[in-house]
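Undergrad: What follows is protein-v7.cif, mmCIF, C-alpha atoms.
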data_query
#
loop_
_atom_site.group_PDB
_atom_site.id
_atom_site.type_symbol
_atom_site.label_atom_id
_atom_site.label_comp_id
_atom_site.auth_asym_id
_atom_site.auth_seq_id
_atom_site.Cartn_x
_atom_site.Cartn_y
_atom_site.Cartn_z
ATOM 1 C CA MET A 1 -93.146 97.590 -219.791
ATOM 2 C CA ASN A 2 -90.309 95.893 -221.665
ATOM 3 C CA ILE A 3 -87.014 95.528 -219.787
ATOM 4 C CA SER A 4 -83.830 94.677 -221.645
ATOM 5 C CA ILE A 5 -81.035 93.057 -219.604
ATOM 6 C CA SER A 6 -77.757 92.410 -221.418
ATOM 7 C CA LEU A 7 -75.209 89.811 -220.360
ATOM 8 C CA ALA A 8 -71.983 90.902 -218.703
ATOM 9 C CA SER A 9 -70.037 89.232 -221.520
ATOM 10 C CA LYS A 10 -71.532 91.718 -223.976
ATOM 11 C CA LYS A 11 -70.411 94.737 -221.961
ATOM 12 C CA THR A 12 -66.657 94.225 -222.461
ATOM 13 C CA ARG A 13 -65.045 97.233 -224.107
ATOM 14 C CA HIS A 14 -63.097 95.450 -226.853
ATOM 15 C CA ALA A 15 -61.789 98.781 -228.168
ATOM 16 C CA VAL A 16 -59.075 98.851 -225.515
ATOM 17 C CA LEU A 17 -57.886 95.271 -226.019
ATOM 18 C CA LYS A 18 -54.839 94.411 -228.086
ATOM 19 C CA PRO A 19 -55.810 93.536 -231.642
ATOM 20 C CA SER A 20 -53.838 90.265 -231.478
ATOM 21 C CA SER A 21 -55.353 89.106 -228.200
ATOM 22 C CA ASN A 22 -58.526 87.100 -227.693
ATOM 23 C CA PRO A 23 -61.288 88.808 -225.704
ATOM 24 C CA PRO A 24 -61.588 87.262 -222.234
ATOM 25 C CA ILE A 25 -64.580 85.043 -221.531
ATOM 26 C CA ILE A 26 -66.704 86.516 -218.755
ATOM 27 C CA PHE A 27 -68.665 83.986 -216.702
ATOM 28 C CA THR A 28 -71.869 84.968 -214.940
ATOM 29 C CA PRO A 29 -73.019 83.468 -211.596
ATOM 30 C CA GLY A 30 -74.268 79.913 -212.068
ATOM 31 C CA GLU A 31 -72.668 79.493 -215.479
ATOM 32 C CA LYS A 32 -70.680 76.303 -216.124
ATOM 33 C CA ILE A 33 -66.921 76.826 -216.387
ATOM 34 C CA ARG A 34 -65.745 73.272 -217.062
ATOM 35 C CA ASP A 35 -66.153 69.692 -215.864
ATOM 36 C CA GLN A 36 -64.765 69.083 -212.386
ATOM 37 C CA ALA A 37 -62.816 65.957 -213.356
ATOM 38 C CA GLY A 38 -59.097 66.616 -212.878
ATOM 39 C CA PHE A 39 -59.542 70.155 -211.483
ATOM 40 C CA MET A 40 -59.750 71.696 -208.010
ATOM 41 C CA ARG A 41 -62.334 74.253 -206.927
ATOM 42 C CA GLY A 42 -60.927 77.683 -206.058
ATOM 43 C CA HIS A 43 -62.311 81.070 -205.042
ATOM 44 C CA GLY A 44 -65.370 82.179 -206.974
ATOM 45 C CA THR A 45 -66.452 78.658 -207.956
ATOM 46 C CA TYR A 46 -68.671 75.851 -206.659
ATOM 47 C CA VAL A 47 -69.414 72.267 -207.681
ATOM 48 C CA SER A 48 -72.810 71.268 -209.058
ATOM 49 C CA ALA A 49 -73.684 68.071 -210.943
ATOM 50 C CA GLY A 50 -70.034 67.280 -211.565
ATOM 51 C CA SER A 51 -69.260 70.697 -213.039
ATOM 52 C CA LEU A 52 -67.427 73.768 -211.789
ATOM 53 C CA LYS A 53 -69.673 76.824 -211.884
ATOM 54 C CA ALA A 54 -69.045 80.477 -211.148
ATOM 55 C CA THR A 55 -70.360 82.201 -208.023
ATOM 56 C CA VAL A 56 -69.417 85.694 -209.234
ATOM 57 C CA ALA A 57 -69.277 87.512 -212.558
ATOM 58 C CA GLY A 58 -65.666 87.422 -213.640
ATOM 59 C CA VAL A 59 -62.836 85.902 -215.634
ATOM 60 C CA GLU A 60 -61.455 82.390 -215.199
ATOM 61 C CA GLN A 61 -57.887 82.023 -213.949
ATOM 62 C CA ASN A 62 -56.008 78.733 -213.751
ATOM 63 C CA ILE A 63 -53.034 77.882 -211.543
ATOM 64 C CA ASN A 64 -52.060 74.329 -212.542
ATOM 65 C CA LYS A 65 -55.242 72.382 -211.679
ATOM 66 C CA LEU A 66 -56.745 75.093 -209.478
ATOM 67 C CA VAL A 67 -59.645 76.972 -211.125
ATOM 68 C CA THR A 68 -60.686 80.363 -209.773
ATOM 69 C CA VAL A 69 -62.897 83.188 -211.017
ATOM 70 C CA SER A 70 -61.636 86.728 -210.478
ATOM 71 C CA PRO A 71 -64.586 89.127 -210.095
ATOM 72 C CA LEU A 72 -64.804 92.139 -212.376
ATOM 73 C CA ARG A 73 -65.558 94.399 -209.431
ATOM 74 C CA CYS A 74 -64.887 93.695 -205.779
ATOM 75 C CA ARG A 75 -63.820 95.316 -202.564
ATOM 76 C CA TYR A 76 -60.120 95.619 -201.855
ATOM 77 C CA ASN A 77 -58.469 92.510 -200.408
ATOM 78 C CA GLY A 78 -55.182 93.611 -198.919
ATOM 79 C CA GLU A 79 -51.842 91.840 -198.882
ATOM 80 C CA ILE A 80 -48.819 92.400 -196.678
ATOM 81 C CA GLY A 81 -46.630 95.136 -198.138
ATOM 82 C CA ASP A 82 -49.408 96.929 -200.032
ATOM 83 C CA VAL A 83 -49.300 100.723 -200.138
ATOM 84 C CA VAL A 84 -52.712 102.109 -199.218
ATOM 85 C CA ILE A 85 -54.361 105.489 -198.801
ATOM 86 C CA GLY A 86 -57.049 105.779 -196.152
ATOM 87 C CA ARG A 87 -59.166 108.140 -194.108
ATOM 88 C CA ILE A 88 -59.261 108.127 -190.316
ATOM 89 C CA THR A 89 -62.780 107.261 -189.172
ATOM 90 C CA GLU A 90 -62.462 106.670 -185.425
ATOM 91 C CA LEU A 91 -60.086 106.796 -182.455
ATOM 92 C CA VAL A 92 -60.297 103.928 -179.988
ATOM 93 C CA HIS A 93 -57.998 102.485 -177.342
ATOM 94 C CA LYS A 94 -54.399 103.060 -178.583
ATOM 95 C CA ARG A 95 -55.406 102.759 -182.223
ATOM 96 C CA TRP A 96 -57.054 104.489 -185.160
ATOM 97 C CA LYS A 97 -59.610 102.929 -187.475
ATOM 98 C CA VAL A 98 -58.996 103.682 -191.147
ATOM 99 C CA ASP A 99 -61.321 103.419 -194.151
ATOM 100 C CA ILE A 100 -59.290 101.816 -196.971
ATOM 101 C CA ASN A 101 -62.079 100.753 -199.362
ATOM 102 C CA ALA A 102 -62.153 97.214 -197.908
ATOM 103 C CA ARG A 103 -64.918 95.160 -196.290
ATOM 104 C CA LEU A 104 -63.684 96.129 -192.838
ATOM 105 C CA ASP A 105 -61.878 99.192 -191.552
ATOM 106 C CA ALA A 106 -58.139 98.772 -191.102
ATOM 107 C CA VAL A 107 -56.364 99.357 -187.797
ATOM 108 C CA LEU A 108 -53.401 101.663 -187.209
ATOM 109 C CA LEU A 109 -51.834 101.077 -183.800
ATOM 110 C CA LEU A 110 -50.203 103.844 -181.806
ATOM 111 C CA THR A 111 -47.039 101.735 -181.740
ATOM 112 C CA SER A 112 -47.072 101.575 -185.570
ATOM 113 C CA ILE A 113 -46.331 105.262 -186.162
ATOM 114 C CA GLN A 114 -43.249 107.393 -185.737
ATOM 115 C CA LEU A 115 -43.505 109.916 -182.940
ATOM 116 C CA PRO A 116 -42.870 113.596 -183.719
ATOM 117 C CA GLY A 117 -39.152 114.192 -183.970
ATOM 118 C CA GLY A 118 -38.515 110.545 -184.780
ATOM 119 C CA GLU A 119 -38.170 109.736 -181.078
ATOM 120 C CA LEU A 120 -37.834 106.020 -180.323
ATOM 121 C CA ARG A 121 -39.372 105.029 -176.986
ATOM 122 C CA ARG A 122 -42.267 103.150 -175.449
ATOM 123 C CA ARG A 123 -45.689 104.753 -175.877
ATOM 124 C CA GLY A 124 -47.197 105.874 -172.609
ATOM 125 C CA MET A 125 -50.357 107.492 -171.292
ATOM 126 C CA GLU A 126 -49.332 110.935 -172.568
ATOM 127 C CA ASP A 127 -48.950 109.591 -176.101
ATOM 128 C CA GLU A 128 -52.393 108.003 -175.924
ATOM 129 C CA GLN A 129 -53.912 111.291 -174.768
ATOM 130 C CA SER A 130 -52.177 113.109 -177.646
ATOM 131 C CA MET A 131 -53.392 110.750 -180.384
ATOM 132 C CA ARG A 132 -55.885 113.268 -181.778
ATOM 133 C CA SER A 133 -53.084 115.828 -182.157
ATOM 134 C CA TYR A 134 -51.283 113.360 -184.431
ATOM 135 C CA LEU A 135 -54.226 112.113 -186.489
ATOM 136 C CA SER A 136 -57.891 112.999 -186.091
ATOM 137 C CA GLU A 137 -61.132 111.948 -187.755
ATOM 138 C CA GLY A 138 -61.224 112.852 -191.429
ATOM 139 C CA ASP A 139 -57.456 112.993 -191.954
ATOM 140 C CA LEU A 140 -56.072 111.272 -195.034
ATOM 141 C CA ILE A 141 -52.947 109.140 -194.620
ATOM 142 C CA SER A 142 -50.637 106.959 -196.662
ATOM 143 C CA ALA A 143 -49.518 103.742 -195.001
ATOM 144 C CA GLU A 144 -48.391 100.171 -195.614
ATOM 145 C CA VAL A 145 -50.158 96.910 -194.798
ATOM 146 C CA HIS A 146 -48.284 95.285 -191.912
ATOM 147 C CA SER A 147 -50.397 92.180 -191.302
ATOM 148 C CA VAL A 148 -53.746 90.542 -192.061
ATOM 149 C CA PHE A 149 -56.040 89.420 -189.251
ATOM 150 C CA ALA A 150 -58.061 86.211 -189.287
ATOM 151 C CA ASP A 151 -61.293 88.054 -190.165
ATOM 152 C CA GLY A 152 -59.654 89.684 -193.202
ATOM 153 C CA SER A 153 -59.140 93.125 -191.662
ATOM 154 C CA LEU A 154 -55.737 94.761 -192.035
ATOM 155 C CA SER A 155 -53.174 96.231 -189.680
ATOM 156 C CA LEU A 156 -51.253 99.234 -191.024
ATOM 157 C CA HIS A 157 -47.986 100.914 -190.132
ATOM 158 C CA MET A 158 -46.378 104.301 -190.876
ATOM 159 C CA ARG A 159 -42.844 103.671 -189.647
ATOM 160 C CA SER A 160 -41.202 104.788 -192.893
ATOM 161 C CA LEU A 161 -40.613 108.473 -193.651
ATOM 162 C CA LYS A 162 -42.406 108.168 -197.001
ATOM 163 C CA TYR A 163 -45.711 107.484 -195.226
ATOM 164 C CA GLY A 164 -47.680 109.982 -193.192
ATOM 165 C CA LYS A 165 -50.498 112.499 -193.130
ATOM 166 C CA LEU A 166 -51.547 113.929 -196.505
ATOM 167 C CA GLY A 167 -51.971 117.648 -197.037
ATOM 168 C CA GLN A 168 -53.520 119.539 -199.932
ATOM 169 C CA GLY A 169 -54.357 117.557 -203.019
ATOM 170 C CA VAL A 170 -57.043 115.535 -204.756
ATOM 171 C CA LEU A 171 -58.215 112.002 -203.934
ATOM 172 C CA VAL A 172 -59.340 109.880 -206.899
ATOM 173 C CA LYS A 173 -61.151 106.568 -206.431
ATOM 174 C CA VAL A 174 -60.848 103.771 -208.992
ATOM 175 C CA GLN A 175 -61.251 99.989 -208.953
ATOM 176 C CA SER A 176 -58.485 98.437 -206.891
ATOM 177 C CA ASN A 177 -57.736 95.787 -209.525
ATOM 178 C CA LEU A 178 -56.765 98.523 -212.009
ATOM 179 C CA ILE A 179 -53.745 99.558 -209.925
ATOM 180 C CA LYS A 180 -50.666 97.774 -211.228
ATOM 181 C CA ARG A 181 -48.560 96.254 -208.470
ATOM 182 C CA SER A 182 -44.962 97.455 -208.532
ATOM 183 C CA LYS A 183 -42.044 98.051 -206.209
ATOM 184 C CA ASN A 184 -42.696 101.798 -206.075
ATOM 185 C CA HIS A 185 -46.095 103.460 -205.756
ATOM 186 C CA PHE A 186 -44.781 107.002 -205.121
ATOM 187 C CA HIS A 187 -44.085 108.910 -208.340
ATOM 188 C CA ASN A 188 -43.094 112.450 -209.274
ATOM 189 C CA LEU A 189 -44.467 113.253 -212.722
ATOM 190 C CA SER A 190 -42.705 115.551 -215.157
ATOM 191 C CA ALA A 191 -45.690 117.921 -215.029
ATOM 192 C CA GLY A 192 -44.738 118.985 -211.489
ATOM 193 C CA VAL A 193 -47.174 116.908 -209.456
ATOM 194 C CA SER A 194 -46.724 113.806 -207.332
ATOM 195 C CA VAL A 195 -49.025 110.794 -207.249
ATOM 196 C CA ILE A 196 -49.418 107.987 -204.744
ATOM 197 C CA LEU A 197 -51.019 104.918 -206.293
ATOM 198 C CA GLY A 198 -52.719 103.054 -203.468
ATOM 199 C CA ASN A 199 -53.232 99.337 -204.020
ATOM 200 C CA ASN A 200 -56.705 99.825 -202.526
ATOM 201 C CA GLY A 201 -57.862 101.931 -205.477
ATOM 202 C CA TYR A 202 -57.311 105.329 -203.855
ATOM 203 C CA ILE A 203 -54.974 107.643 -205.790
ATOM 204 C CA TRP A 204 -53.590 110.811 -204.229
ATOM 205 C CA ILE A 205 -52.494 113.717 -206.445
ATOM 206 C CA GLU A 206 -50.644 116.691 -204.960
ATOM 207 C CA PRO A 207 -48.128 119.366 -205.969
ATOM 208 C CA THR A 208 -44.549 118.143 -205.740
ATOM 209 C CA ASN A 209 -43.126 119.410 -202.449
ATOM 210 C CA ASP A 210 -39.482 118.889 -201.498
ATOM 211 C CA ASN A 211 -39.954 120.507 -198.065
ATOM 212 C CA LYS A 212 -42.381 118.060 -196.494
ATOM 213 C CA ASP A 213 -42.307 117.371 -192.783
ATOM 214 C CA PRO A 214 -39.965 114.336 -192.341
ATOM 215 C CA VAL A 215 -42.166 112.916 -189.571
ATOM 216 C CA GLY A 216 -45.366 113.304 -191.564
ATOM 217 C CA PHE A 217 -47.863 114.870 -189.111
ATOM 218 C CA GLU A 218 -47.441 118.598 -189.802
ATOM 219 C CA VAL A 219 -49.296 119.809 -192.903
ATOM 220 C CA ASP A 220 -50.268 123.361 -193.804
ATOM 221 C CA LEU A 221 -53.860 123.291 -195.013
ATOM 222 C CA GLN A 222 -53.965 127.087 -195.259
ATOM 223 C CA GLN A 223 -51.214 127.318 -197.860
ATOM 224 C CA VAL A 224 -52.465 128.628 -201.197
ATOM 225 C CA VAL A 225 -51.905 126.274 -204.129
ATOM 226 C CA GLU A 226 -50.980 128.153 -207.289
ATOM 227 C CA ILE A 227 -53.523 128.167 -210.107
ATOM 228 C CA GLY A 228 -51.058 126.434 -212.435
ATOM 229 C CA ASP A 229 -50.603 123.558 -209.977
ATOM 230 C CA ARG A 230 -54.358 123.252 -209.546
ATOM 231 C CA GLN A 231 -54.875 123.019 -213.306
ATOM 232 C CA THR A 232 -52.170 120.361 -213.591
ATOM 233 C CA ILE A 233 -53.708 118.371 -210.727
ATOM 234 C CA SER A 234 -57.114 118.590 -212.441
ATOM 235 C CA ARG A 235 -55.569 117.409 -215.709
ATOM 236 C CA VAL A 236 -53.949 114.392 -214.036
ATOM 237 C CA ARG A 237 -57.219 113.613 -212.256
ATOM 238 C CA ASN A 238 -59.204 113.645 -215.508
ATOM 239 C CA VAL A 239 -56.573 111.496 -217.223
ATOM 240 C CA VAL A 240 -56.703 108.910 -214.414
ATOM 241 C CA LEU A 241 -60.512 108.780 -214.614
ATOM 242 C CA ALA A 242 -60.291 108.254 -218.386
ATOM 243 C CA LEU A 243 -57.899 105.318 -217.923
ATOM 244 C CA SER A 244 -60.202 103.920 -215.253
ATOM 245 C CA TYR A 245 -63.303 104.231 -217.441
ATOM 246 C CA TYR A 246 -61.694 102.178 -220.213
ATOM 247 C CA LYS A 247 -60.359 99.623 -217.709
ATOM 248 C CA MET A 248 -56.664 100.209 -218.423
ATOM 249 C CA LEU A 249 -53.989 99.421 -215.854
ATOM 250 C CA ILE A 250 -52.990 102.542 -213.937
ATOM 251 C CA TYR A 251 -49.303 103.005 -213.187
ATOM 252 C CA ASP A 252 -46.681 105.703 -213.636
ATOM 253 C CA THR A 253 -45.985 105.034 -217.337
ATOM 254 C CA SER A 254 -49.631 104.884 -218.409
ATOM 255 C CA ILE A 255 -50.389 108.107 -216.532
ATOM 256 C CA GLN A 256 -47.342 109.861 -218.028
ATOM 257 C CA TYR A 257 -48.198 108.792 -221.590
ATOM 258 C CA ALA A 258 -51.852 109.779 -221.185
ATOM 259 C CA LEU A 259 -50.806 113.113 -219.700
ATOM 260 C CA GLU A 260 -48.587 113.837 -222.698
ATOM 261 C CA GLU A 261 -51.384 112.934 -225.120
ATOM 262 C CA SER A 262 -53.791 115.224 -223.245
ATOM 263 C CA ASN A 263 -51.743 118.383 -223.857
ATOM 264 C CA LYS A 264 -53.690 119.145 -227.026
ATOM 265 C CA TYR A 265 -56.893 119.452 -224.974
ATOM 266 C CA THR A 266 -57.902 121.923 -222.314
ATOM 267 C CA VAL A 267 -58.653 120.659 -218.826
ATOM 268 C CA SER A 268 -62.416 121.034 -219.347
ATOM 269 C CA ASP A 269 -62.254 119.240 -222.741
ATOM 270 C CA LEU A 270 -60.880 116.172 -220.957
ATOM 271 C CA LEU A 271 -64.355 115.632 -219.519
ATOM 272 C CA THR A 272 -65.791 114.841 -222.970
ATOM 273 C CA ALA A 273 -66.117 111.245 -224.183
ATOM 274 C CA GLU A 274 -64.348 111.970 -227.480
ATOM 275 C CA ALA A 275 -61.243 113.376 -225.781
ATOM 276 C CA CYS A 276 -61.094 110.516 -223.265
ATOM 277 C CA TYR A 277 -61.343 107.876 -225.979
ATOM 278 C CA ASP A 278 -58.693 109.575 -228.119
ATOM 279 C CA ILE A 279 -56.240 109.898 -225.217
ATOM 280 C CA VAL A 280 -56.732 106.324 -224.018
ATOM 281 C CA ASN A 281 -56.441 104.915 -227.540
ATOM 282 C CA LEU A 282 -53.167 106.761 -228.223
ATOM 283 C CA THR A 283 -51.843 105.746 -224.808
ATOM 284 C CA ARG A 284 -52.700 102.109 -225.488
ATOM 285 C CA HIS A 285 -50.783 102.166 -228.796
ATOM 286 C CA ARG A 286 -47.719 103.704 -227.131
ATOM 287 C CA LEU A 287 -47.757 101.074 -224.389
ATOM 288 C CA GLN A 288 -48.066 98.296 -226.956
ATOM 289 C CA ALA A 289 -45.168 99.714 -228.972
ATOM 290 C CA MET A 290 -43.052 99.823 -225.819
ATOM 291 C CA ASP A 291 -43.790 96.152 -225.052
ATOM 292 C CA GLU A 292 -42.916 94.955 -228.554
#
Show me this structure written as structure tokens.

TA:
Amino acid sequence: MNISISLASKKTRHAVLKPSSNPPIIFTPGEKIRDQAGFMRGHGTYVSAGSLKATVAGVEQNINKLVTVSPLRCRYNGEIGDVVIGRITELVHKRWKVDINARLDAVLLLTSIQLPGGELRRRGMEDEQSMRSYLSEGDLISAEVHSVFADGSLSLHMRSLKYGKLGQGVLVKVQSNLIKRSKNHFHNLSAGVSVILGNNGYIWIEPTNDNKDPVGFEVDLQQVVEIGDRQTISRVRNVVLALSYYKMLIYDTSIQYALEESNKYTVSDLLTAEACYDIVNLTRHRLQAMDE
């Protein structure tokens, strides 16, 4: 039986690159990057026979004399201040464990949330016994990275009113390196839906609601979402998946442009390869024209 294995460098989708740019060089594990003389070894590299070689499949990045290789796909590595979306997996002593698409579950301490009513006081035994009434296993939340532990796990907090428990909507998972870092990751689109772009690659899409609980723990999961809102949410979801498939950065402007270009297709047509390519290609040209 003949088996054909293609190199990672031949799998780059050059159709979504700028015409004036050079395609990035993708190094495979064990491949020589450059001679070590005059350079320092960074993440994703090792030294062998006087040469720097890659330990992962990725693209070379240089910071002065420091050479690193950024992997094409990897688990989320959090930084302080990141906005993340996660799912509660476990309740332990005065804390929740949260799945945030990282190597290790994050930790949300009882002292890192706002109590119902915004009450400011020390957490006692009654608060610890009521933890499951605030957040229970399976609940989706939006939070911010507060600190990074020595083992790489993250500590979260929900002290701001914009964070809290998520209600009815759709969760979309993409590669975390496709989420563009910006000052604001909470956006209200003109189509009437709101999106939260988690730095961990989780994107939350929900109907825009101006009457949300200010504390963030009370959500009505029995409320009926109108058919029009559901179709719009499905359209945004399909657009985000199209951008993700063609490895385009996902942020508010790219989603808005792609959403506008998708209006000539039905929601079900957005699942076809032809529609996805057409929408992403038109979106790419609009983004390039905006940058020029």

Undergrad: Specify the axis-aligned box that encloses all atoms of stretch 50-62 of chain A listed in the file after padding of 8 Å on each side, stating its centre and edge lengths in Å to one decimal as lines of an AutoDock Vina configuration file.

TA:
center_x = -63.2
center_y = 77.4
center_z = -211.8
size_x = 30.4
size_y = 36.2
size_z = 23.6

Undergrad: Leaving out A:Ser51 and any residue of its chain fewer than 6 positions from it, which residues lie within 6 Å of it when counting only C-alpha atoms, given as a PyMOL selection string?

TA: chain A and resi 34-36

Undergrad: Evaluate the PyMOL selection byres ((chain A and resi 191-203) around 8) on the structure here and hand back the selected residues as a PyMOL selection string.

TA: chain A and resi 76-78+82-86+100-102+171-181+185-190+204-208+229+232-233+251

Undergrad: Can you turn the PyMOL selection byres ((chain A and resi 137) around 9) into a concrete residue list for this file, as a PyMOL selection string?

TA: chain A and resi 87-91+96+132+135-136+138-140

Undergrad: Could you list the residues chosen by the PyMOL selection byres ((chain A and resi 280-292) around 6) in this structure as an mmCIF file with C-alpha atoms, keeping the file's coordinate frame?

TA:
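Output saved as selection-v1.cif:
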data_model
loop_
_atom_site.group_PDB
_atom_site.id
_atom_site.type_symbol
_atom_site.label_atom_id
_atom_site.label_comp_id
_atom_site.auth_asym_id
_atom_site.auth_seq_id
_atom_site.Cartn_x
_atom_site.Cartn_y
_atom_site.Cartn_z
ATOM 1 C CA TYR A 257 -48.198 108.792 -221.590
ATOM 2 C CA ALA A 258 -51.852 109.779 -221.185
ATOM 3 C CA TYR A 277 -61.343 107.876 -225.979
ATOM 4 C CA ASP A 278 -58.693 109.575 -228.119
ATOM 5 C CA ILE A 279 -56.240 109.898 -225.217
#

Undergrad: At what distance in Å, to one decimal, does atom CA of A:Val145 lie from atom CA of A:Ile80?

TA: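 Computed distance, atom CA of A:Ile80 to atom CA of A:Val145, equals 5.1 Å.
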
Undergrad: Generate the missing atoms of stretch 248-263 of chain A up to N, CA, C and O atoms and report them as a tab-separated table (two decimals), in the coordinates of the input.

TA:
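Printed below is result19.tsv as written:
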chain	number	residue	atom	x	y	z
A	248	MET	N	-58.09	100.39	-218.17
A	248	MET	CA	-56.66	100.21	-218.42
A	248	MET	C	-55.91	100.21	-217.11
A	248	MET	O	-56.31	100.89	-216.15
A	249	LEU	N	-54.81	99.44	-217.05
A	249	LEU	CA	-53.99	99.42	-215.85
A	249	LEU	C	-53.44	100.81	-215.59
A	249	LEU	O	-52.98	101.51	-216.51
A	250	ILE	N	-53.45	101.21	-214.33
A	250	ILE	CA	-52.99	102.54	-213.94
A	250	ILE	C	-51.67	102.41	-213.22
A	250	ILE	O	-51.58	101.77	-212.16
A	251	TYR	N	-50.62	102.95	-213.80
A	251	TYR	CA	-49.30	103.00	-213.19
A	251	TYR	C	-48.58	104.22	-213.74
A	251	TYR	O	-49.16	104.98	-214.53
A	252	ASP	N	-47.34	104.44	-213.32
A	252	ASP	CA	-46.68	105.70	-213.64
A	252	ASP	C	-46.54	105.92	-215.14
A	252	ASP	O	-46.76	107.03	-215.65
A	253	THR	N	-46.20	104.87	-215.90
A	253	THR	CA	-45.98	105.03	-217.34
A	253	THR	C	-47.29	105.34	-218.06
A	253	THR	O	-47.33	106.21	-218.93
A	254	SER	N	-48.36	104.63	-217.73
A	254	SER	CA	-49.63	104.88	-218.41
A	254	SER	C	-50.14	106.29	-218.10
A	254	SER	O	-50.69	106.96	-218.99
A	255	ILE	N	-49.96	106.75	-216.87
A	255	ILE	CA	-50.39	108.11	-216.53
A	255	ILE	C	-49.55	109.13	-217.28
A	255	ILE	O	-50.07	110.12	-217.82
A	256	GLN	N	-48.23	108.91	-217.35
A	256	GLN	CA	-47.34	109.86	-218.03
A	256	GLN	C	-47.66	109.94	-219.52
A	256	GLN	O	-47.74	111.03	-220.08
A	257	TYR	N	-47.87	108.79	-220.16
A	257	TYR	CA	-48.20	108.79	-221.59
A	257	TYR	C	-49.54	109.48	-221.83
A	257	TYR	O	-49.68	110.29	-222.76
A	258	ALA	N	-50.54	109.16	-221.02
A	258	ALA	CA	-51.85	109.78	-221.18
A	258	ALA	C	-51.78	111.29	-220.94
A	258	ALA	O	-52.47	112.07	-221.60
A	259	LEU	N	-50.95	111.69	-219.99
A	259	LEU	CA	-50.81	113.11	-219.70
A	259	LEU	C	-50.19	113.84	-220.89
A	259	LEU	O	-50.60	114.96	-221.23
A	260	GLU	N	-49.22	113.21	-221.52
A	260	GLU	CA	-48.59	113.84	-222.70
A	260	GLU	C	-49.58	113.93	-223.85
A	260	GLU	O	-49.60	114.92	-224.58
A	261	GLU	N	-50.41	112.90	-224.03
A	261	GLU	CA	-51.38	112.93	-225.12
A	261	GLU	C	-52.51	113.92	-224.85
A	261	GLU	O	-53.21	114.34	-225.79
A	262	SER	N	-52.70	114.32	-223.59
A	262	SER	CA	-53.79	115.22	-223.24
A	262	SER	C	-53.43	116.69	-223.43
A	262	SER	O	-54.30	117.55	-223.26
A	263	ASN	N	-52.18	116.98	-223.77
A	263	ASN	CA	-51.74	118.38	-223.86
A	263	ASN	C	-52.45	119.16	-224.96
A	263	ASN	O	-52.50	120.39	-224.92
